[in-house]
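Engineer: My structure is below; once you've seen it, I'll send some questions.
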Amino acid sequence: MNGNGTADLVIVANRLPVDRVTEADGTPGWRKSPGGLVTALEPVMRSNDGAWIGWPGSTDEEMEPFVDEGLSLIPMTLSPAEIEEHYEGFSNGTLWPLYHDVVAKPAFHREWWDSYVTVNERFAAKAAQVAAKGATVWVQDYQMQLVPAMLRELRPDLRIGFFLHIPFPPAELFQQLPWRRQILEGLLGADIVGFQLAGGAANFVRLVRQRVGHKTHRDTIYLPDGRTVRAAAFPISIDFTEFEELARSESVSQRAKQIREALGDPETVLLGIDRLDYTKGITPRIRAYSELVRDGHFDVEDTVFIQVATPSRERVDQYRALRDDIDRLVGRINGDLGKIGRPAISYMHSSYPRHEMAALYRAADMMVVTPYRDGMNLVAKEYVACRYENDGALVLSEFAGAAEELRQAWQVNPYDINGMKATILDAARAEPKEVTRRMRAMRKQVRENDVSQWAIRFLDALASVPHDHGKTVRPARPR
Ligand code: GDG
């Protein structure tokens, strides 16, 4: 932050990059949240003396801005009703399923929308207060889509970028949203609207042309006020070196060995790690694997499937129901197919430190990632980064954003159980040479496109959007 409490770079996100923890002596403290976004933004935050605006994850305390390990953090307070309506409601009950191909039915409630507007207004007002003259503000994700336009209204001098971490749906689905035009106009407050894939950017441009009526050409939208908005793909990534170094460390190698020993030293370990979410395709994956065991292709004596499901959004009904479904399915499969000390599926509903994640990636001969729809999927990239010996097979859904870059994965359609079974078998039976050829190519891809590249590419693109396109453009048609 500058001396007068303003910053030249401001990140606006639903969550702060730290979690509240209780230290050993009982005093409250902070721990950096795991995840690529923080890692990616930390260097740019530091070199620009940036500030991060977000919710600290608790509703009960009003908090002053503070500095944690050199990062300026500005906590926003959300009331219990706002958590329910803005976060669990409109963000996770409406937008999340709508943007993921309507894998679950989105709920549309007017009071959720009202709360979404109010919370976005408050975040925009805070950003307007914190941003220095001519500063860059980078708004993150689907919970904050109205912030760009609200902020532009308050502070026309700013450079505003927006990045969407989840897919942006085709017009045919997006137009179900009663507030579709407001969301499009909210995003158009940004100079750059970034998506994981070119397809998402194209969906957005088409919707803007059709629903708002602005002139567009390829990835550029021309606004009547002279501004240009660019919609482009910036596929997010991971800190490749950090994961590789972690995986190479003695303690992770030891732990990976221990994991295999604890499983009875099986010949083959398959692995799935996901947030427990209905978009991740955990059920069809487990079903496909269990049929392969039932049909005698895998034997529980020498093969095991480890499934880690990290607890997520546990107050939302759909997520509770999913957890029950998976519990029941795994229980039935293990009851039918397991033997003493040899479950078909070793299932954990738990979250682990990064070190343990790396050990799991190291311990697994095959990683199975089968979302019905996923913006990117960092787990797939993390597995690749950890396989420094160029071994390990990746089975990957063609509906994960990562499938566009990880072409050498064994790709599957998660809706096609037979196809998935055949591909898992192919991957399990592949010659080591073939596995190595594929893994080497994927490692090169992720190494050369890591998360710092992602942040640099986005911020460079944001800095180079022209302030005025100099064209005469007719006003948008009202609809
Ligand atoms: C959204 C989009 C997009 C998971 N369990 C634990 C843990 N994790 C970490 C993983 C990975 C991250 O969380 C999950 O990222 P994904 O990309 O796989 O999925 P979402 O959470 O749905 O993320 C997604 C992403 O945003 C980024 O733009 O790729 O498409 O849906 O980094 O390692 N980390 C630790 N313990 C766990 O138990 N430490």
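Ordering of the structure tokens sets the chain letters (A, B, ...), residue numbers begin anew at 1 in every chain, and ligands are numbered from 1 in the order given.
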So which residues are near ligand 1, meaning at most 7 Å away with only C-alpha atoms and all ligand atoms counted, given back as a ChimeraX atom specification?
Structural biologist: /A:34-36,165-166,236,273-275,310,350-354,357,374-379,382,401
Engineer: May I have a table of the residues of range 154-200 of chain A lying at most 12 Å from range 5-14 of chain A, giving each one's closest pair of atoms and their distance in Å to one decimal, counting only C-alpha atoms, ordered by chain and ascending residue number, as a tab-separated table?
Structural biologist:
residue	atom	partner	partner_atom	distance
A:Leu158	CA	A:Asp8	CA	9.7
A:Arg159	CA	A:Leu9	CA	9.6
A:Ile160	CA	A:Val10	CA	9.5
A:Gly161	CA	A:Ile11	CA	9.5
A:Phe162	CA	A:Val12	CA	9.3
A:Phe163	CA	A:Ala13	CA	10.1
A:Leu164	CA	A:Ala13	CA	10.9
A:His165	CA	A:Ala13	CA	11.3
Engineer: Based on the selection just made, write C-alpha atoms of those residues as a PDB file, in the first residue's frame.
Structural biologist:
ATOM      1  CA  LEU A 158      -8.923   2.747 -13.281  1.00  0.00           C
ATOM      2  CA  ARG A 159      -7.720  -0.177 -15.392  1.00  0.00           C
ATOM      3  CA  ILE A 160     -10.090  -2.993 -14.562  1.00  0.00           C
ATOM      4  CA  GLY A 161      -9.534  -6.667 -15.359  1.00  0.00           C
ATOM      5  CA  PHE A 162     -11.850  -9.588 -14.662  1.00  0.00           C
ATOM      6  CA  PHE A 163     -11.009 -13.296 -14.686  1.00  0.00           C
ATOM      7  CA  LEU A 164     -13.596 -16.079 -14.565  1.00  0.00           C
ATOM      8  CA  HIS A 165     -12.238 -19.312 -13.047  1.00  0.00           C
TER       9      HIS A 165
END
Engineer: Using only C-alpha atoms for the distances, tell me which of A:Ala171, A:Asp295, A:Tyr99, A:His109 is nearest to Arg209 in chain A.
Structural biologist: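 Of A:Ala171, A:Asp295, A:Tyr99, A:His109, the one nearest Arg209 in chain A is A:Ala171, counting only C-alpha atoms.
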Engineer: Residues within 10 Å of Arg180 in chain A, please, as number ranges by chain. Count only C-alpha atoms; anything in the same chain fewer than 4 positions from it doesn't count.
Structural biologist: A: 171, 174-176, 184-186, 207, 211-212
Engineer: For the residues in that selection, give me C-alpha atoms as a compact mmCIF listing (two decimals), in the first residue's frame.
Structural biologist:
# COMPACT_ATOMS: atom_id res chain seq x y z
CA ALA A 171 -25.95 -18.60 -24.91
CA PHE A 174 -26.93 -18.52 -20.09
CA GLN A 175 -30.16 -17.00 -21.28
CA GLN A 176 -32.14 -18.93 -18.66
CA LEU A 184 -23.19 -9.04 -19.12
CA GLU A 185 -23.23 -5.31 -18.45
CA GLY A 186 -21.46 -5.85 -15.13
CA LEU A 207 -24.05 -12.97 -25.95
CA ARG A 211 -28.36 -9.53 -25.85
CA VAL A 212 -26.76 -6.11 -25.29
Engineer: CA of Tyr361 in chain A to CA of Asp450 in chain A: how many Å, to one decimal?
Structural biologist: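 These atoms are spaced 18.2 Å apart.
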Engineer: Given the choices A:Asn413, A:Asn203, A:Thr241, A:Gln254, which gets closest to Ala359 in chain A if the distance is worked out from only C-alpha atoms?
Structural biologist: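 Ranked by minimum distance to Ala359 in chain A, first place goes to A:Gln254.
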Engineer: In terms of the shortest atom-to-atom distance over only C-alpha atoms, which of A:Asp157, A:Asp19, A:Val316, A:Ala463 is closest to Phe90 in chain A?
Structural biologist: A:Val316
Engineer: My list of candidates is A:Glu88, A:Asp277, A:Asp141, A:Asp336. Which is closest to Phe195 in chain A when distances are computed with only C-alpha atoms?
Structural biologist: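 Result for the nearest residue to Phe195 in chain A: A:Asp141.
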Engineer: Quick one: residues within 8 Å of range 68-85 of chain A, only C-alpha atoms counted, chain neighbours fewer than 4 positions away excluded, as an MDAnalysis selection string?
Structural biologist: chainID A and resid 1 16 30 42 45:46 49:56 59:64 89:90 111:113 115:116 119 123
Engineer: Go through A:Lys133, A:Arg313, A:Arg373, A:Arg440 and flag the residue nearest Thr279 in chain A, using only C-alpha atoms for the distances.
Structural biologist: A:Arg373
Engineer: Ile238 in chain A: which residues within 12 Å, counting only C-alpha atoms, same-chain residues fewer than 2 positions away excluded, as a ChimeraX atom specification?
Structural biologist: /A:34-41,235-236,240-244,376-386,402,443,445-455
Engineer: In Å, how far is it from CA of Phe399 in chain A to CA of Gly194 in chain A?
Structural biologist: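 So the two atoms, CA of Phe399 in chain A and CA of Gly194 in chain A, lie 18.9 Å apart.
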Engineer: Rounded to one decimal, what separation in Å do you get between CA of Asp460 in chain A and CA of Pro156 in chain A?
Structural biologist: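 Computed distance, CA of Asp460 in chain A to CA of Pro156 in chain A, equals 19.8 Å.
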